[in-house]
file run28.cif (mmCIF, N, CA and C atoms and all ligand atoms)
data_model
#
loop_
_atom_site.label_atom_id
_atom_site.label_comp_id
_atom_site.auth_asym_id
_atom_site.auth_seq_id
_atom_site.Cartn_x
_atom_site.Cartn_y
_atom_site.Cartn_z
N MET A 3 19.99 154.75 -44.42
CA MET A 3 21.29 154.24 -44.00
C MET A 3 21.78 153.23 -45.03
N SER A 4 23.00 153.38 -45.45
CA SER A 4 23.58 152.43 -46.40
C SER A 4 24.55 151.52 -45.66
N LEU A 5 24.35 150.21 -45.79
CA LEU A 5 25.19 149.24 -45.08
C LEU A 5 26.04 148.47 -46.07
N GLU A 6 27.27 148.21 -45.68
CA GLU A 6 28.13 147.42 -46.55
C GLU A 6 29.19 146.67 -45.75
N GLY A 7 29.83 145.70 -46.38
CA GLY A 7 30.95 144.97 -45.81
C GLY A 7 30.76 144.50 -44.38
N GLN A 8 31.61 144.99 -43.48
CA GLN A 8 31.63 144.57 -42.07
C GLN A 8 30.31 144.84 -41.36
N ASP A 9 29.50 145.77 -41.89
CA ASP A 9 28.24 146.08 -41.23
C ASP A 9 27.33 144.85 -41.14
N TRP A 10 27.57 143.84 -41.97
CA TRP A 10 26.69 142.67 -42.01
C TRP A 10 27.30 141.44 -41.35
N VAL A 11 28.53 141.56 -40.84
CA VAL A 11 29.22 140.36 -40.34
C VAL A 11 28.80 140.03 -38.92
N TYR A 12 28.37 138.78 -38.71
CA TYR A 12 28.05 138.28 -37.38
C TYR A 12 29.25 137.52 -36.83
N SER A 13 29.54 137.70 -35.54
CA SER A 13 30.63 136.95 -34.92
C SER A 13 30.25 135.47 -34.85
N GLU A 14 31.26 134.61 -34.64
CA GLU A 14 30.99 133.17 -34.51
C GLU A 14 30.07 132.91 -33.32
N LYS A 15 30.24 133.68 -32.27
CA LYS A 15 29.43 133.48 -31.07
C LYS A 15 27.96 133.87 -31.34
N VAL A 16 27.76 134.94 -32.09
CA VAL A 16 26.39 135.31 -32.46
C VAL A 16 25.75 134.18 -33.26
N LYS A 17 26.49 133.67 -34.22
CA LYS A 17 25.95 132.58 -35.06
C LYS A 17 25.63 131.36 -34.21
N ASP A 18 26.53 131.03 -33.27
CA ASP A 18 26.30 129.86 -32.42
C ASP A 18 25.03 130.04 -31.59
N HIS A 19 24.87 131.20 -30.97
CA HIS A 19 23.68 131.42 -30.13
C HIS A 19 22.41 131.51 -30.96
N PHE A 20 22.52 131.98 -32.21
CA PHE A 20 21.33 132.01 -33.06
C PHE A 20 20.94 130.59 -33.49
N LEU A 21 21.93 129.80 -33.87
CA LEU A 21 21.64 128.45 -34.37
C LEU A 21 21.36 127.46 -33.24
N ASN A 22 21.90 127.72 -32.04
CA ASN A 22 21.70 126.83 -30.88
C ASN A 22 21.26 127.66 -29.68
N PRO A 23 20.09 128.26 -29.76
CA PRO A 23 19.68 129.16 -28.68
C PRO A 23 19.55 128.45 -27.34
N ARG A 24 20.14 129.05 -26.30
CA ARG A 24 20.09 128.50 -24.95
C ARG A 24 18.82 128.97 -24.24
N ASN A 25 18.22 128.03 -23.50
CA ASN A 25 17.06 128.33 -22.65
C ASN A 25 15.84 128.80 -23.44
N PHE A 26 15.76 128.46 -24.71
CA PHE A 26 14.61 128.79 -25.53
C PHE A 26 13.43 127.91 -25.12
N LEU A 27 12.24 128.50 -24.98
CA LEU A 27 11.06 127.73 -24.60
C LEU A 27 10.41 127.17 -25.87
N MET A 28 10.60 125.89 -26.04
CA MET A 28 10.05 125.22 -27.22
C MET A 28 8.62 124.79 -26.90
N GLY A 29 7.69 125.15 -27.76
CA GLY A 29 6.30 124.70 -27.57
C GLY A 29 5.54 125.55 -26.57
N ASP A 30 4.57 124.91 -25.95
CA ASP A 30 3.61 125.61 -25.10
C ASP A 30 4.24 126.11 -23.80
N GLU A 31 3.82 127.30 -23.36
CA GLU A 31 4.41 127.86 -22.12
C GLU A 31 4.03 127.06 -20.88
N SER A 32 2.99 126.24 -20.97
CA SER A 32 2.61 125.44 -19.80
C SER A 32 3.68 124.38 -19.48
N LYS A 33 4.63 124.19 -20.40
CA LYS A 33 5.69 123.21 -20.17
C LYS A 33 6.76 123.71 -19.19
N PHE A 34 6.71 125.01 -18.89
CA PHE A 34 7.70 125.58 -17.99
C PHE A 34 6.97 126.27 -16.85
N LYS A 35 7.13 125.77 -15.65
CA LYS A 35 6.41 126.32 -14.48
C LYS A 35 7.17 127.54 -13.97
N TYR A 36 6.82 128.68 -14.51
CA TYR A 36 7.55 129.90 -14.15
C TYR A 36 6.85 130.65 -13.01
N ASP A 37 7.61 131.53 -12.35
CA ASP A 37 7.06 132.36 -11.29
C ASP A 37 6.57 133.70 -11.82
N ALA A 38 7.20 134.19 -12.88
CA ALA A 38 6.79 135.48 -13.46
C ALA A 38 7.20 135.53 -14.92
N MET A 39 6.46 136.38 -15.66
CA MET A 39 6.72 136.52 -17.10
C MET A 39 6.83 138.01 -17.45
N GLY A 40 7.66 138.31 -18.41
CA GLY A 40 7.78 139.68 -18.91
C GLY A 40 7.53 139.69 -20.40
N LEU A 41 6.92 140.75 -20.87
CA LEU A 41 6.62 140.86 -22.31
C LEU A 41 6.95 142.27 -22.77
N VAL A 42 7.71 142.37 -23.85
CA VAL A 42 7.98 143.69 -24.44
C VAL A 42 7.96 143.60 -25.96
N GLY A 43 7.72 144.77 -26.56
CA GLY A 43 7.79 144.88 -28.01
C GLY A 43 8.86 145.89 -28.36
N ASN A 44 9.49 145.70 -29.50
CA ASN A 44 10.52 146.63 -29.94
C ASN A 44 9.86 147.67 -30.87
N PRO A 45 9.83 148.94 -30.43
CA PRO A 45 9.15 149.94 -31.25
C PRO A 45 9.85 150.19 -32.59
N ILE A 46 11.13 149.80 -32.68
CA ILE A 46 11.86 150.04 -33.93
C ILE A 46 11.40 149.09 -35.03
N CYS A 47 11.16 147.82 -34.67
CA CYS A 47 10.84 146.83 -35.70
C CYS A 47 9.52 146.11 -35.46
N GLY A 48 8.93 146.28 -34.28
CA GLY A 48 7.65 145.63 -34.00
C GLY A 48 7.78 144.21 -33.48
N ASP A 49 9.01 143.71 -33.32
CA ASP A 49 9.20 142.35 -32.82
C ASP A 49 8.85 142.28 -31.32
N GLN A 50 8.56 141.06 -30.86
CA GLN A 50 8.16 140.87 -29.47
C GLN A 50 9.01 139.83 -28.78
N MET A 51 9.08 139.94 -27.45
CA MET A 51 9.85 139.00 -26.63
C MET A 51 9.09 138.69 -25.36
N LYS A 52 9.04 137.41 -25.01
CA LYS A 52 8.49 136.98 -23.72
C LYS A 52 9.61 136.31 -22.95
N MET A 53 9.70 136.64 -21.66
CA MET A 53 10.74 136.08 -20.78
C MET A 53 10.06 135.48 -19.56
N TYR A 54 10.46 134.25 -19.22
CA TYR A 54 9.86 133.54 -18.09
C TYR A 54 10.97 133.23 -17.09
N ILE A 55 10.70 133.52 -15.80
CA ILE A 55 11.73 133.24 -14.79
C ILE A 55 11.16 132.42 -13.63
N LYS A 56 12.04 131.56 -13.12
CA LYS A 56 11.79 130.89 -11.84
C LYS A 56 12.73 131.53 -10.86
N VAL A 57 12.23 131.80 -9.67
CA VAL A 57 13.05 132.50 -8.66
C VAL A 57 13.11 131.66 -7.39
N LYS A 58 14.32 131.53 -6.88
CA LYS A 58 14.52 130.81 -5.61
C LYS A 58 15.56 131.58 -4.80
N ASN A 59 15.21 131.89 -3.55
CA ASN A 59 16.11 132.65 -2.68
C ASN A 59 16.61 133.94 -3.34
N ASP A 60 15.68 134.63 -4.00
CA ASP A 60 15.96 135.91 -4.66
C ASP A 60 16.93 135.79 -5.86
N LYS A 61 17.14 134.56 -6.32
CA LYS A 61 18.01 134.36 -7.50
C LYS A 61 17.20 133.75 -8.64
N ILE A 62 17.62 134.01 -9.86
CA ILE A 62 16.97 133.39 -11.02
C ILE A 62 17.48 131.95 -11.10
N SER A 63 16.62 131.03 -10.71
CA SER A 63 17.04 129.63 -10.67
C SER A 63 16.89 128.98 -12.05
N ASP A 64 15.97 129.51 -12.86
CA ASP A 64 15.83 129.01 -14.22
C ASP A 64 15.15 130.08 -15.06
N ILE A 65 15.30 129.97 -16.37
CA ILE A 65 14.83 131.03 -17.26
C ILE A 65 14.52 130.44 -18.64
N ARG A 66 13.47 130.94 -19.25
CA ARG A 66 13.14 130.56 -20.62
C ARG A 66 12.65 131.81 -21.35
N TRP A 67 12.63 131.76 -22.66
CA TRP A 67 12.18 132.91 -23.44
C TRP A 67 11.64 132.43 -24.79
N LYS A 68 10.82 133.32 -25.38
CA LYS A 68 10.27 133.08 -26.72
C LYS A 68 10.29 134.41 -27.45
N THR A 69 10.40 134.39 -28.75
CA THR A 69 10.38 135.66 -29.46
C THR A 69 9.88 135.52 -30.88
N TYR A 70 9.37 136.63 -31.39
CA TYR A 70 9.12 136.77 -32.83
C TYR A 70 10.25 137.61 -33.43
N GLY A 71 11.34 137.72 -32.70
CA GLY A 71 12.44 138.60 -33.11
C GLY A 71 13.34 137.98 -34.17
N CYS A 72 14.31 138.77 -34.57
CA CYS A 72 15.23 138.40 -35.64
C CYS A 72 16.40 137.56 -35.08
N ALA A 73 17.33 137.22 -35.95
CA ALA A 73 18.51 136.43 -35.56
C ALA A 73 19.30 137.12 -34.45
N SER A 74 19.45 138.42 -34.52
CA SER A 74 20.20 139.14 -33.49
C SER A 74 19.47 139.12 -32.15
N ALA A 75 18.16 139.22 -32.19
CA ALA A 75 17.37 139.16 -30.95
C ALA A 75 17.48 137.77 -30.35
N ILE A 76 17.45 136.76 -31.17
CA ILE A 76 17.55 135.38 -30.68
C ILE A 76 18.92 135.16 -30.04
N ALA A 77 19.98 135.54 -30.73
CA ALA A 77 21.33 135.37 -30.20
C ALA A 77 21.51 136.18 -28.92
N SER A 78 21.01 137.40 -28.91
CA SER A 78 21.18 138.28 -27.74
C SER A 78 20.44 137.73 -26.53
N THR A 79 19.24 137.22 -26.75
CA THR A 79 18.46 136.74 -25.62
C THR A 79 19.00 135.41 -25.12
N SER A 80 19.51 134.61 -26.02
CA SER A 80 20.18 133.37 -25.62
C SER A 80 21.36 133.72 -24.70
N ALA A 81 22.16 134.69 -25.11
CA ALA A 81 23.30 135.12 -24.30
C ALA A 81 22.83 135.69 -22.96
N LEU A 82 21.82 136.51 -23.00
CA LEU A 82 21.29 137.11 -21.77
C LEU A 82 20.81 136.02 -20.81
N SER A 83 20.16 135.01 -21.33
CA SER A 83 19.64 133.95 -20.45
C SER A 83 20.79 133.23 -19.74
N GLU A 84 21.90 133.10 -20.43
CA GLU A 84 23.08 132.47 -19.81
C GLU A 84 23.68 133.40 -18.74
N LEU A 85 23.72 134.68 -19.06
CA LEU A 85 24.29 135.65 -18.13
C LEU A 85 23.42 135.80 -16.88
N ALA A 86 22.11 135.69 -17.05
CA ALA A 86 21.19 135.97 -15.94
C ALA A 86 20.98 134.78 -15.01
N LYS A 87 21.08 133.57 -15.53
CA LYS A 87 20.79 132.39 -14.72
C LYS A 87 21.74 132.32 -13.52
N GLY A 88 21.16 132.16 -12.33
CA GLY A 88 21.95 132.06 -11.10
C GLY A 88 22.23 133.40 -10.43
N LYS A 89 21.93 134.50 -11.12
CA LYS A 89 22.19 135.82 -10.53
C LYS A 89 21.03 136.22 -9.61
N THR A 90 21.33 137.08 -8.63
CA THR A 90 20.24 137.67 -7.85
C THR A 90 19.42 138.56 -8.79
N LEU A 91 18.20 138.86 -8.37
CA LEU A 91 17.34 139.71 -9.21
C LEU A 91 17.99 141.07 -9.42
N ASP A 92 18.58 141.62 -8.37
CA ASP A 92 19.24 142.93 -8.52
C ASP A 92 20.41 142.86 -9.51
N ASP A 93 21.21 141.80 -9.40
CA ASP A 93 22.35 141.69 -10.32
C ASP A 93 21.89 141.44 -11.75
N ALA A 94 20.81 140.67 -11.92
CA ALA A 94 20.29 140.41 -13.27
C ALA A 94 19.81 141.72 -13.91
N LEU A 95 19.24 142.59 -13.07
CA LEU A 95 18.76 143.88 -13.60
C LEU A 95 19.93 144.77 -14.05
N LYS A 96 21.11 144.50 -13.52
CA LYS A 96 22.27 145.32 -13.89
C LYS A 96 22.91 144.90 -15.21
N ILE A 97 22.49 143.75 -15.76
CA ILE A 97 23.03 143.33 -17.06
C ILE A 97 22.53 144.31 -18.12
N THR A 98 23.44 144.86 -18.87
CA THR A 98 23.06 145.87 -19.86
C THR A 98 23.11 145.30 -21.27
N ALA A 99 22.51 146.02 -22.19
CA ALA A 99 22.58 145.63 -23.60
C ALA A 99 24.05 145.61 -24.05
N GLU A 100 24.86 146.49 -23.49
CA GLU A 100 26.30 146.51 -23.81
C GLU A 100 26.98 145.23 -23.32
N ASP A 101 26.59 144.76 -22.12
CA ASP A 101 27.16 143.49 -21.61
C ASP A 101 26.86 142.35 -22.58
N ILE A 102 25.64 142.31 -23.07
CA ILE A 102 25.23 141.25 -24.01
C ILE A 102 26.04 141.38 -25.30
N ASP A 103 26.16 142.60 -25.77
CA ASP A 103 26.91 142.87 -27.01
C ASP A 103 28.37 142.43 -26.85
N ASN A 104 28.96 142.74 -25.71
CA ASN A 104 30.35 142.34 -25.46
C ASN A 104 30.48 140.83 -25.35
N TYR A 105 29.53 140.19 -24.66
CA TYR A 105 29.55 138.74 -24.49
C TYR A 105 29.53 138.03 -25.85
N LEU A 106 28.76 138.61 -26.77
CA LEU A 106 28.61 137.99 -28.09
C LEU A 106 29.73 138.35 -29.06
N GLY A 107 30.64 139.22 -28.64
CA GLY A 107 31.69 139.64 -29.58
C GLY A 107 31.19 140.67 -30.56
N LYS A 108 30.21 141.43 -30.16
CA LYS A 108 29.64 142.57 -30.88
C LYS A 108 28.68 142.17 -31.99
N LEU A 109 27.52 142.78 -31.93
CA LEU A 109 26.54 142.68 -33.01
C LEU A 109 26.87 143.75 -34.03
N PRO A 110 26.44 143.57 -35.28
CA PRO A 110 26.55 144.69 -36.23
C PRO A 110 25.83 145.91 -35.63
N LYS A 111 26.39 147.09 -35.80
CA LYS A 111 25.87 148.29 -35.13
C LYS A 111 24.37 148.50 -35.35
N HIS A 112 23.91 148.26 -36.58
CA HIS A 112 22.50 148.53 -36.87
C HIS A 112 21.59 147.46 -36.27
N LYS A 113 22.17 146.42 -35.63
CA LYS A 113 21.36 145.38 -34.97
C LYS A 113 21.44 145.48 -33.45
N PHE A 114 22.14 146.47 -32.95
CA PHE A 114 22.30 146.62 -31.50
C PHE A 114 20.94 146.74 -30.80
N HIS A 115 19.99 147.43 -31.43
CA HIS A 115 18.67 147.62 -30.81
C HIS A 115 17.99 146.29 -30.52
N CYS A 116 18.38 145.23 -31.23
CA CYS A 116 17.76 143.92 -31.02
C CYS A 116 18.14 143.34 -29.66
N SER A 117 19.32 143.72 -29.14
CA SER A 117 19.77 143.19 -27.86
C SER A 117 18.98 143.80 -26.71
N VAL A 118 18.30 144.90 -26.96
CA VAL A 118 17.54 145.58 -25.92
C VAL A 118 16.26 144.80 -25.60
N LEU A 119 15.77 144.07 -26.57
CA LEU A 119 14.48 143.37 -26.43
C LEU A 119 14.50 142.38 -25.25
N GLY A 120 15.45 141.48 -25.21
CA GLY A 120 15.52 140.49 -24.13
C GLY A 120 15.80 141.16 -22.80
N HIS A 121 16.68 142.14 -22.84
CA HIS A 121 17.06 142.90 -21.66
C HIS A 121 15.82 143.53 -21.01
N GLU A 122 14.96 144.14 -21.81
CA GLU A 122 13.75 144.79 -21.27
C GLU A 122 12.72 143.75 -20.84
N ALA A 123 12.64 142.64 -21.55
CA ALA A 123 11.69 141.58 -21.17
C ALA A 123 12.08 140.98 -19.82
N LEU A 124 13.38 140.83 -19.59
CA LEU A 124 13.85 140.31 -18.31
C LEU A 124 13.52 141.30 -17.19
N ALA A 125 13.74 142.57 -17.43
CA ALA A 125 13.41 143.60 -16.42
C ALA A 125 11.91 143.57 -16.13
N ASP A 126 11.10 143.40 -17.14
CA ASP A 126 9.64 143.33 -16.96
C ASP A 126 9.27 142.10 -16.13
N ALA A 127 9.90 140.97 -16.41
CA ALA A 127 9.61 139.73 -15.66
C ALA A 127 10.01 139.91 -14.19
N ILE A 128 11.15 140.52 -13.94
CA ILE A 128 11.59 140.73 -12.55
C ILE A 128 10.65 141.70 -11.83
N ASN A 129 10.26 142.77 -12.51
CA ASN A 129 9.31 143.71 -11.90
C ASN A 129 7.98 143.03 -11.60
N ASN A 130 7.52 142.20 -12.52
CA ASN A 130 6.26 141.49 -12.28
C ASN A 130 6.40 140.52 -11.12
N TYR A 131 7.54 139.86 -11.04
CA TYR A 131 7.77 138.94 -9.92
C TYR A 131 7.70 139.70 -8.60
N ARG A 132 8.34 140.85 -8.55
CA ARG A 132 8.35 141.63 -7.30
C ARG A 132 6.95 142.10 -6.93
N LYS A 133 6.13 142.42 -7.94
CA LYS A 133 4.76 142.86 -7.65
C LYS A 133 3.94 141.73 -7.04
N ILE A 134 4.07 140.53 -7.61
CA ILE A 134 3.21 139.43 -7.15
C ILE A 134 3.74 138.76 -5.88
N SER A 135 5.00 138.99 -5.54
CA SER A 135 5.55 138.30 -4.37
C SER A 135 5.63 139.22 -3.14
N LYS A 136 5.02 140.40 -3.22
CA LYS A 136 5.02 141.32 -2.06
C LYS A 136 4.14 140.80 -0.94
S1 LIG A 201 14.92 143.49 -36.09
FE1 LIG A 201 13.47 143.32 -34.46
S2 LIG A 201 14.56 142.54 -32.78
FE2 LIG A 201 15.97 142.58 -34.40
#
call {"tool": "encode", "arguments": {"input": "run28.cif", "output": "structure tokens"}}
result
Amino acid sequence: MSLEGQDWVYSEKVKDHFLNPRNFLMGDESKFKYDAMGLVGNPICGDQMKMYIKVKNDKISDIRWKTYGCASAIASTSALSELAKGKTLDDALKITAEDIDNYLGKLPKHKFHCSVLGHEALADAINNYRKISK
């Protein structure tokens, strides 16, 4: 694939979320008392994402994440964490990679796969929460 010009341009919102990631878990995971965690790897690039959620009354009351991912994964997951906080678990599961992409003002097309990482980690965390809270 040959990329040029606009293919490399990040929106201002992507840059903001990459440089000032929201709900990022800084340091040791023991600093955040979560109810469930999700972990996924991106088969395209090998990057990984961990998502931690606190749940209260079936809603995501708080959320943190960590990643070995790229700038697009960081921006996407920062956006996702903002979109998911306060939502019911069912509504959080309905957030799509396209929703994240739209929220950020579009990622470069060849970086769209990076937005899937946080999305899948959140789904994994919610599924794990449901397993342990039965
Ligand atoms: S290149 Fe791996 S998540 Fe973006």
call {"tool": "select_by_dssp", "arguments": {"input": "run28.cif", "residues": "stretch 60-110 of chain A", "states": "strand (DSSP E or B)", "output": "number ranges by chain"}}
result
A: 61-69, 90
call {"tool": "residues_around", "arguments": {"input": "run28.cif", "residues": "A:Leu119", "least_positions_apart": "4", "cutoff": "10 Å", "atoms": "only C-alpha atoms", "output": "mmCIF file with N, CA and C atoms, in the coordinates of the input"}}
result
data_model
loop_
_atom_site.group_PDB
_atom_site.id
_atom_site.type_symbol
_atom_site.label_atom_id
_atom_site.label_comp_id
_atom_site.auth_asym_id
_atom_site.auth_seq_id
_atom_site.Cartn_x
_atom_site.Cartn_y
_atom_site.Cartn_z
ATOM 1 N N LEU A 41 6.920 140.750 -20.870
ATOM 2 C CA LEU A 41 6.620 140.860 -22.310
ATOM 3 C C LEU A 41 6.950 142.270 -22.770
ATOM 4 N N VAL A 42 7.710 142.370 -23.850
ATOM 5 C CA VAL A 42 7.980 143.690 -24.440
ATOM 6 C C VAL A 42 7.960 143.600 -25.960
ATOM 7 N N GLY A 43 7.720 144.770 -26.560
ATOM 8 C CA GLY A 43 7.790 144.880 -28.010
ATOM 9 C C GLY A 43 8.860 145.890 -28.360
ATOM 10 N N ASN A 44 9.490 145.700 -29.500
ATOM 11 C CA ASN A 44 10.520 146.630 -29.940
ATOM 12 C C ASN A 44 9.860 147.670 -30.870
ATOM 13 N N PRO A 45 9.830 148.940 -30.430
ATOM 14 C CA PRO A 45 9.150 149.940 -31.250
ATOM 15 C C PRO A 45 9.850 150.190 -32.590
ATOM 16 N N ASP A 49 9.010 143.710 -33.320
ATOM 17 C CA ASP A 49 9.200 142.350 -32.820
ATOM 18 C C ASP A 49 8.850 142.280 -31.320
ATOM 19 N N GLN A 50 8.560 141.060 -30.860
ATOM 20 C CA GLN A 50 8.160 140.870 -29.470
ATOM 21 C C GLN A 50 9.010 139.830 -28.780
ATOM 22 N N MET A 51 9.080 139.940 -27.450
ATOM 23 C CA MET A 51 9.850 139.000 -26.630
ATOM 24 C C MET A 51 9.090 138.690 -25.360
ATOM 25 N N LYS A 52 9.040 137.410 -25.010
ATOM 26 C CA LYS A 52 8.490 136.980 -23.720
ATOM 27 C C LYS A 52 9.610 136.310 -22.950
ATOM 28 N N MET A 53 9.700 136.640 -21.660
ATOM 29 C CA MET A 53 10.740 136.080 -20.780
ATOM 30 C C MET A 53 10.060 135.480 -19.560
ATOM 31 N N THR A 69 10.400 134.390 -28.750
ATOM 32 C CA THR A 69 10.380 135.660 -29.460
ATOM 33 C C THR A 69 9.880 135.520 -30.880
ATOM 34 N N GLY A 71 11.340 137.720 -32.700
ATOM 35 C CA GLY A 71 12.440 138.600 -33.110
ATOM 36 C C GLY A 71 13.340 137.980 -34.170
ATOM 37 N N ALA A 75 18.160 139.220 -32.190
ATOM 38 C CA ALA A 75 17.370 139.160 -30.950
ATOM 39 C C ALA A 75 17.480 137.770 -30.350
ATOM 40 N N ILE A 76 17.450 136.760 -31.170
ATOM 41 C CA ILE A 76 17.550 135.380 -30.680
ATOM 42 C C ILE A 76 18.920 135.160 -30.040
ATOM 43 N N SER A 78 21.010 137.400 -28.910
ATOM 44 C CA SER A 78 21.180 138.280 -27.740
ATOM 45 C C SER A 78 20.440 137.730 -26.530
ATOM 46 N N THR A 79 19.240 137.220 -26.750
ATOM 47 C CA THR A 79 18.460 136.740 -25.620
ATOM 48 C C THR A 79 19.000 135.410 -25.120
ATOM 49 N N ALA A 99 22.510 146.020 -22.190
ATOM 50 C CA ALA A 99 22.580 145.630 -23.600
ATOM 51 C C ALA A 99 24.050 145.610 -24.050
ATOM 52 N N PHE A 114 22.140 146.470 -32.950
ATOM 53 C CA PHE A 114 22.300 146.620 -31.500
ATOM 54 C C PHE A 114 20.940 146.740 -30.800
ATOM 55 N N HIS A 115 19.990 147.430 -31.430
ATOM 56 C CA HIS A 115 18.670 147.620 -30.810
ATOM 57 C C HIS A 115 17.990 146.290 -30.520
ATOM 58 N N ALA A 123 12.640 142.640 -21.550
ATOM 59 C CA ALA A 123 11.690 141.580 -21.170
ATOM 60 C C ALA A 123 12.080 140.980 -19.820
ATOM 61 N N LEU A 124 13.380 140.830 -19.590
ATOM 62 C CA LEU A 124 13.850 140.310 -18.310
ATOM 63 C C LEU A 124 13.520 141.300 -17.190
#
call {"tool": "closest_residue", "arguments": {"input": "run28.cif", "among": "A:Asn22, A:Asn130, A:Lys56, A:Lys17", "to": "A:Lys35", "atoms": "only N, CA and C atoms"}}
result
A:Lys56
call {"tool": "closest_residue", "arguments": {"input": "run28.cif", "among": "A:Ala127, A:Ala38, A:Ile65, A:Ile55", "to": "A:Phe26", "atoms": "all atoms listed in the file"}}
result
A:Ile65
call {"tool": "closest_residue", "arguments": {"input": "run28.cif", "among": "A:Met39, A:Ala77, A:Lys68, A:Asp93", "to": "A:Cys116", "atoms": "all atoms listed in the file"}}
result
A:Ala77
call {"tool": "decode", "arguments": {"input": "run28.cif", "residues": "stretch 108-136 of chain A", "atoms": "C-alpha atoms", "output": "PDB file, in the first residue's frame"}}
result
ATOM      1  CA  LYS A 108     -11.824  10.375  11.429  1.00  0.00           C
ATOM      2  CA  LEU A 109      -8.570   8.499  11.680  1.00  0.00           C
ATOM      3  CA  PRO A 110      -6.444   8.020   8.570  1.00  0.00           C
ATOM      4  CA  LYS A 111      -7.995   5.009   6.785  1.00  0.00           C
ATOM      5  CA  HIS A 112      -4.969   2.762   7.258  1.00  0.00           C
ATOM      6  CA  LYS A 113      -5.139   3.418  11.047  1.00  0.00           C
ATOM      7  CA  PHE A 114      -8.813   2.525  11.464  1.00  0.00           C
ATOM      8  CA  HIS A 115      -7.884  -0.970  12.707  1.00  0.00           C
ATOM      9  CA  CYS A 116      -6.265   0.700  15.738  1.00  0.00           C
ATOM     10  CA  SER A 117      -9.674   1.904  16.965  1.00  0.00           C
ATOM     11  CA  VAL A 118     -10.841  -1.706  17.192  1.00  0.00           C
ATOM     12  CA  LEU A 119      -8.334  -2.497  19.939  1.00  0.00           C
ATOM     13  CA  GLY A 120      -9.969  -0.477  22.746  1.00  0.00           C
ATOM     14  CA  HIS A 121     -13.423  -1.414  21.525  1.00  0.00           C
ATOM     15  CA  GLU A 122     -12.639  -5.146  21.831  1.00  0.00           C
ATOM     16  CA  ALA A 123     -10.851  -4.722  25.172  1.00  0.00           C
ATOM     17  CA  LEU A 124     -13.942  -2.991  26.576  1.00  0.00           C
ATOM     18  CA  ALA A 125     -16.176  -5.812  25.306  1.00  0.00           C
ATOM     19  CA  ASP A 126     -13.823  -8.335  26.935  1.00  0.00           C
ATOM     20  CA  ALA A 127     -13.915  -6.425  30.251  1.00  0.00           C
ATOM     21  CA  ILE A 128     -17.734  -6.311  30.189  1.00  0.00           C
ATOM     22  CA  ASN A 129     -17.966 -10.019  29.356  1.00  0.00           C
ATOM     23  CA  ASN A 130     -15.557 -10.831  32.179  1.00  0.00           C
ATOM     24  CA  TYR A 131     -17.565  -8.670  34.563  1.00  0.00           C
ATOM     25  CA  ARG A 132     -20.745 -10.528  33.642  1.00  0.00           C
ATOM     26  CA  LYS A 133     -19.037 -13.896  34.186  1.00  0.00           C
ATOM     27  CA  ILE A 134     -17.774 -13.042  37.663  1.00  0.00           C
ATOM     28  CA  SER A 135     -20.921 -11.246  38.840  1.00  0.00           C
ATOM     29  CA  LYS A 136     -23.390 -14.074  38.018  1.00  0.00           C
TER      30      LYS A 136
END
